[in-house]
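Asks: So here's target_34.txt, just compact mmCIF, C-alpha atoms:
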```txt
# COMPACT_ATOMS: atom_id res chain seq x y z
CA MET A 1 85.13 36.03 277.60
CA ASP A 2 85.32 36.38 273.79
CA ILE A 3 88.64 37.21 272.21
CA GLU A 4 88.76 38.75 268.75
CA LEU A 5 91.67 37.54 266.61
CA GLN A 6 93.16 40.14 264.31
CA PRO A 7 95.26 39.34 261.22
CA ILE A 8 98.97 40.01 261.44
CA GLU A 9 100.74 42.17 258.91
CA ARG A 10 104.50 42.30 258.40
CA ASN A 11 106.58 45.19 257.08
CA GLY A 12 109.35 44.15 254.72
CA ASN A 13 112.24 42.29 256.34
CA ASP A 14 111.29 43.51 259.77
CA GLU A 15 109.70 40.64 261.62
CA ALA A 16 107.69 42.96 263.88
CA ALA A 17 104.00 42.27 263.65
CA TYR A 18 101.22 44.75 263.92
CA PRO A 19 97.47 44.33 264.25
CA SER A 20 95.43 45.16 261.12
CA ASN A 21 94.01 48.38 262.53
CA ASP A 22 97.58 49.77 262.96
CA ARG A 23 99.15 51.52 260.01
CA VAL A 24 102.93 50.97 259.53
CA THR A 25 105.29 53.59 258.20
CA ALA A 26 108.35 52.20 256.43
CA GLY A 27 111.70 53.80 256.97
CA ASN A 28 115.41 53.22 257.59
CA GLY A 29 114.89 52.91 261.27
CA GLY A 30 112.14 50.32 261.05
CA GLY A 31 108.40 50.59 261.07
CA VAL A 32 106.57 53.04 263.26
CA ALA A 33 102.95 52.14 263.92
CA TYR A 34 100.04 54.42 264.69
CA ARG A 35 96.42 53.47 265.38
CA THR A 36 93.41 54.58 263.36
CA PRO A 37 91.21 56.73 265.63
CA ASP A 38 88.24 54.85 267.03
CA ALA A 39 84.68 55.90 266.12
CA THR A 40 83.65 59.13 267.90
CA GLU A 41 80.63 59.64 270.20
CA ARG A 42 79.02 61.85 267.53
CA ASP A 43 79.15 59.02 265.01
CA GLY A 44 77.34 56.85 267.53
CA LEU A 45 74.60 59.44 268.10
CA LEU A 46 74.10 59.89 264.35
CA SER A 47 73.80 56.17 263.97
CA VAL A 48 71.19 55.97 266.75
CA ARG A 49 69.23 58.90 265.29
CA SER A 50 69.28 57.40 261.81
CA SER A 51 68.05 54.13 263.23
CA ALA A 52 65.19 55.89 265.09
CA VAL A 53 64.12 57.78 261.94
CA CYS A 54 64.06 54.57 259.94
CA ARG A 55 61.98 52.90 262.63
CA VAL A 56 59.44 55.77 262.69
CA LYS A 57 59.15 55.70 258.89
CA ARG A 58 58.66 51.96 258.99
CA GLU A 59 55.92 52.26 261.64
CA LEU A 60 54.13 55.07 259.78
CA ASN A 61 54.07 52.96 256.62
CA GLU A 62 52.56 49.97 258.36
CA VAL A 63 49.32 48.79 256.75
CA ILE A 64 46.55 48.91 259.36
CA PHE A 65 43.85 47.41 257.18
CA TRP A 66 43.38 46.93 253.46
CA LYS A 67 45.59 49.66 251.85
CA VAL A 68 45.24 52.15 254.68
CA ARG A 69 48.52 53.03 256.33
CA LEU A 70 49.15 54.52 259.76
CA TRP A 71 50.19 57.97 258.43
CA MET A 72 46.91 58.21 256.51
CA ILE A 73 44.92 57.60 259.71
CA ILE A 74 46.92 60.26 261.61
CA ILE A 75 46.30 62.89 258.91
CA PHE A 76 42.60 61.97 258.80
CA ILE A 77 42.25 62.38 262.58
CA PHE A 78 44.05 65.77 262.44
CA LEU A 79 41.76 67.05 259.66
CA LEU A 80 38.71 65.71 261.50
CA ILE A 81 39.65 67.68 264.64
CA ILE A 82 40.02 70.89 262.61
CA ALA A 83 36.67 70.30 260.87
CA VAL A 84 34.84 69.64 264.15
CA THR A 85 36.36 72.77 265.71
CA LEU A 86 35.32 75.00 262.79
CA ILE A 87 31.80 73.55 262.70
CA SER A 88 31.42 74.06 266.46
CA LEU A 89 32.49 77.70 266.20
CA ALA A 90 30.07 78.28 263.31
CA VAL A 91 27.16 76.70 265.17
CA CYS A 92 27.92 78.66 268.36
CA SER A 93 28.03 81.96 266.46
CA VAL A 94 24.63 81.21 264.90
CA ILE A 95 22.79 80.07 268.01
CA HIS A 96 24.44 82.53 270.41
CA GLU A 97 21.94 85.02 271.73
CA ASP A 98 23.09 88.32 273.08
CA VAL A 99 20.84 89.05 276.03
CA ASP A 100 21.46 92.77 275.64
CA GLU A 101 20.01 92.66 272.12
CA ASN A 102 16.69 91.21 273.31
CA PHE A 103 14.42 94.07 274.26
CA ASP A 104 10.85 95.08 273.53
CA ARG A 105 10.92 98.49 271.88
CA SER A 106 7.19 98.91 272.48
CA LEU A 107 7.97 99.36 276.20
CA PHE A 108 10.12 102.40 275.46
CA LYS A 109 7.59 105.18 276.04
CA VAL A 110 9.19 107.76 278.33
CA PRO A 111 10.74 110.55 276.24
CA GLN A 112 13.97 112.42 276.94
CA TYR A 113 14.67 115.54 274.86
CA PHE A 114 17.90 117.38 274.18
CA ASN A 115 18.08 120.72 272.39
CA GLY A 116 21.16 122.43 271.06
CA SER A 117 22.95 124.02 268.15
CA PHE A 118 26.14 123.83 266.11
CA GLN A 119 27.75 125.96 263.44
CA LEU A 120 28.52 125.16 259.81
CA PRO A 121 31.31 127.71 259.26
CA ASN A 122 31.79 127.03 255.53
CA LEU A 123 28.20 127.76 254.53
CA VAL A 124 26.83 131.21 253.75
CA PHE A 125 23.49 132.06 255.26
CA THR A 126 20.85 132.89 252.64
CA GLU A 127 17.27 134.10 252.75
CA GLU A 128 16.01 130.63 251.84
CA LEU A 129 17.64 129.10 254.90
CA SER A 130 15.63 131.37 257.15
CA THR A 131 12.48 129.53 256.02
CA LEU A 132 12.49 125.85 256.88
CA SER A 133 9.96 125.07 254.17
CA SER A 134 12.29 126.17 251.34
CA ASN A 135 14.02 123.60 249.16
CA GLU A 136 17.50 124.65 250.25
CA SER A 137 16.57 124.57 253.90
CA GLN A 138 14.85 121.18 253.66
CA ALA A 139 17.77 119.61 251.76
CA LEU A 140 20.31 120.83 254.31
CA ALA A 141 18.09 119.80 257.24
CA ALA A 142 17.58 116.31 255.79
CA GLU A 143 21.33 115.77 255.37
CA LEU A 144 22.12 116.89 258.90
CA GLN A 145 19.28 114.83 260.38
CA GLU A 146 20.54 111.74 258.59
CA LYS A 147 24.03 112.32 259.94
CA LEU A 148 22.79 112.65 263.53
CA THR A 149 20.47 109.65 263.17
CA ASP A 150 23.23 107.39 261.85
CA LEU A 151 25.53 108.51 264.65
CA TYR A 152 23.14 107.69 267.49
CA ARG A 153 21.64 104.57 265.90
CA LEU A 154 25.12 103.03 265.70
CA SER A 155 26.05 104.00 269.26
CA PRO A 156 26.44 100.84 271.41
CA ALA A 157 25.18 102.67 274.50
CA LEU A 158 22.45 104.88 273.04
CA GLY A 159 21.31 103.08 269.89
CA ARG A 160 18.34 101.26 271.42
CA TYR A 161 17.00 104.40 273.10
CA PHE A 162 17.39 106.82 270.22
CA SER A 163 14.15 107.86 268.51
CA GLN A 164 14.81 110.77 266.14
CA ALA A 165 16.88 113.83 265.29
CA GLU A 166 15.27 117.01 264.01
CA ILE A 167 16.71 120.23 262.60
CA TYR A 168 14.05 122.85 263.31
CA ALA A 169 15.77 126.13 262.40
CA PHE A 170 18.74 127.79 260.70
CA ARG A 171 20.17 131.08 261.93
CA ASN A 172 22.67 133.57 260.65
CA GLY A 173 26.27 133.40 261.84
CA SER A 174 27.81 131.57 258.92
CA VAL A 175 25.01 129.02 259.37
CA ILE A 176 23.86 127.92 262.82
CA ALA A 177 21.62 124.87 262.95
CA ASP A 178 19.23 124.35 265.86
CA TYR A 179 18.46 120.68 266.57
CA GLN A 180 16.43 118.47 268.86
CA LEU A 181 17.26 114.88 269.83
CA THR A 182 14.59 112.52 271.17
CA PHE A 183 15.26 109.37 273.18
CA LEU A 184 12.70 106.89 274.55
CA MET A 185 13.18 104.86 277.74
CA PRO A 186 11.25 102.04 279.46
CA GLU A 187 9.24 103.31 282.38
CA GLU A 188 10.66 100.93 285.02
CA GLN A 189 14.27 102.02 284.27
CA GLN A 190 13.79 105.67 283.46
CA ASP A 191 15.42 107.07 286.61
CA GLN A 192 18.61 105.07 286.21
CA LEU A 193 18.79 105.69 282.47
CA ARG A 194 18.08 109.39 282.85
CA ASN A 195 20.99 109.81 285.26
CA ILE A 196 23.54 107.58 283.53
CA THR A 197 23.01 106.14 280.05
CA VAL A 198 20.72 108.79 278.55
CA SER A 199 22.17 111.63 280.55
CA ARG A 200 23.14 114.95 279.02
CA GLU A 201 26.84 114.14 279.52
CA MET A 202 26.60 110.84 277.63
CA VAL A 203 24.55 112.22 274.71
CA TYR A 204 26.75 115.31 274.42
CA ASN A 205 30.04 113.36 274.55
CA VAL A 206 28.94 110.93 271.83
CA LEU A 207 28.21 113.82 269.46
CA ARG A 208 31.32 115.76 270.44
CA GLN A 209 33.55 112.70 269.88
CA PHE A 210 31.96 112.23 266.47
CA LEU A 211 32.79 115.82 265.55
CA TYR A 212 36.39 115.37 266.65
CA ASP A 213 36.68 112.20 264.58
CA GLN A 214 34.92 113.53 261.47
CA GLU A 215 36.95 112.81 258.35
CA GLN A 216 35.56 115.63 256.27
CA ASP A 217 37.89 118.29 255.01
CA GLU A 218 37.61 121.32 257.25
CA SER A 219 36.91 123.37 254.15
CA GLY A 220 33.95 121.16 253.13
CA PRO A 221 30.40 122.58 253.16
CA MET A 222 29.10 120.04 255.72
CA TYR A 223 31.93 120.50 258.17
CA ILE A 224 30.63 121.14 261.71
CA ASP A 225 32.66 123.31 264.04
CA ARG A 226 33.11 121.13 267.14
CA VAL A 227 33.83 124.13 269.37
CA SER A 228 30.40 125.57 268.55
CA LEU A 229 28.48 122.53 269.82
CA ASN A 230 25.86 123.30 272.47
CA MET A 231 23.40 120.93 274.13
CA VAL A 232 20.92 121.19 277.01
CA LEU A 233 18.45 118.76 278.54
CA ARG A 234 14.91 119.94 277.93
CA HIS A 235 12.66 119.38 280.94
```
Rewrite the structure of this file - the entire thing - as structure tokens.

Replies:
Amino acid sequence: MDIELQPIERNGNDEAAYPSNDRVTAGNGGGVAYRTPDATERDGLLSVRSSAVCRVKRELNEVIFWKVRLWMIIIFIFLLIIAVTLISLAVCSVIHEDVDENFDRSLFKVPQYFNGSFQLPNLVFTEELSTLSSNESQALAAELQEKLTDLYRLSPALGRYFSQAEIYAFRNGSVIADYQLTFLMPEEQQDQLRNITVSREMVYNVLRQFLYDQEQDESGPMYIDRVSLNMVLRH
């Protein structure tokens, strides 16, 4: 068993001895000693943590080969993982084939027609609009046909089956436009498509939703009154 010897201090004429870690207070009644508080548990933890940090720094700065240190290799591996992940995602997005997008449009031969009408409440019916061959009538028809075509071409459900939109007449009542929509279906799926995907309900709801979502000012000339929308399946 090891015994640690501590130096002895004396206080004035008093022959009482105290260990060096005891402080002595002088006074008329003799010295009164009190002990310096020992190191706390927190000090010990801080010392251990500081030692661990120093060890980690020392290990990270170790030279693995030539002038390459451990921290350089760790950063390189991290960047390599990120690069490989990004390249993999890019390659997958390029080579990924959506099966639903692979179809032969030449097989779509069975027609499905829808006729209907809608009202343009902010336009005034003129004599020129009564004749579809007039410049005014053709310009208005072309704009409406383009709007309907864009709508159905961009529809996820109906886009592949849509063929054309045609405005074939204008009538009085503000201006009422009569239209026809044509869809083409493959022969082997026509019954299922006719009852579900290219049904009257689906085609009508796509157009009606578009009219409810239209961003045009209700006072604009091309505003379509959604309540006036009519559509029937032509047999």

Asks: Using all atoms listed in the file, pick whichever of A:Tyr168, A:Phe118, A:Phe183, A:Tyr161 has the shortest atom-to-atom distance to A:Asn230.

Replies: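 Comparing A:Tyr168, A:Phe118, A:Phe183, A:Tyr161 against A:Asn230, the winner is A:Phe118.
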
Asks: Counting all atoms listed in the file, what is within 12 Å of A:Asn205, bar same-chain residues fewer than 2 positions away, as a VMD selection string?

Replies: chain A and resid 151 to 152 155 157 to 158 197 to 203 207 to 212 226 229 to 231

Asks: Using all atoms listed in the file, which of the listed residues (A:Ile74, A:Leu120, A:Val53, A:Met222) sits closest to A:Arg171?

Replies: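 Among the listed residues, A:Leu120 lies closest to A:Arg171.
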
Asks: Tell me, in Å to one decimal, how far atom CA of A:Ala52 is from atom CA of A:Ile82.

Replies: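 Atom CA of A:Ala52 sits 29.4 Å away from atom CA of A:Ile82.
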
Asks: Quick one: distance from atom CA of A:Tyr179 to atom CA of A:Leu148 in Å, one decimal?

Replies: 9.6 Å

Asks: Expressed in Å to a single decimal, how great is the separation between atom CA of A:Ser47 and atom CA of A:Glu62?

Replies: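 Calculated distance between atom CA of A:Ser47 and atom CA of A:Glu62 is 22.8 Å.
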
Asks: At a cut-off of 10 Å, using all atoms listed in the file, what residues contact A:Tyr113? Leave out same-chain residues fewer than 5 positions from it and give the result as a list in words.

Replies: Ser163, Gln164, Ala165, Gln180, Leu181, Thr182, Phe183, Leu184, Val198, Arg200, Val232, Leu233, Arg234 and His235 of chain A

Asks: Could you pull the residues within 10 Å of A:Ile167, counting all atoms listed in the file, minus those fewer than 6 positions along the same chain, as JSON, numbers by chain?

Replies: {"A": [115, 116, 117, 132, 137, 138, 140, 141, 142, 143, 144, 145, 148, 177, 178, 179, 180, 181]}

Asks: Box along x, y and z, 4 Å on every side, all listed atoms of stretch 142-155 of chain A inside: centre and edge lengths in Å to one decimal, as AutoDock Vina command-line options.

Replies:
```
--center_x 21.8 --center_y 110.0 --center_z 262.3 --size_x 16.5 --size_y 21.9 --size_z 21.9
```

Asks: So, counting only C-alpha atoms, which residue among A:Ile176, A:Cys92, A:Ala83, A:Ile73 is closest to A:Phe125?

Replies: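 Smallest separation from A:Phe125 among the options: A:Ile176.
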
Asks: Which of these, A:Val110, A:Val206, A:Ile87, A:Leu129, has the shortest distance to A:Pro156 once you count only C-alpha atoms?

Replies: A:Val206

Asks: My list of candidates is A:Lys109, A:Lys67, A:Arg58, A:Lys147. Which is closest to A:Gln190 when distances are computed with all atoms listed in the file?

Replies: A:Lys109
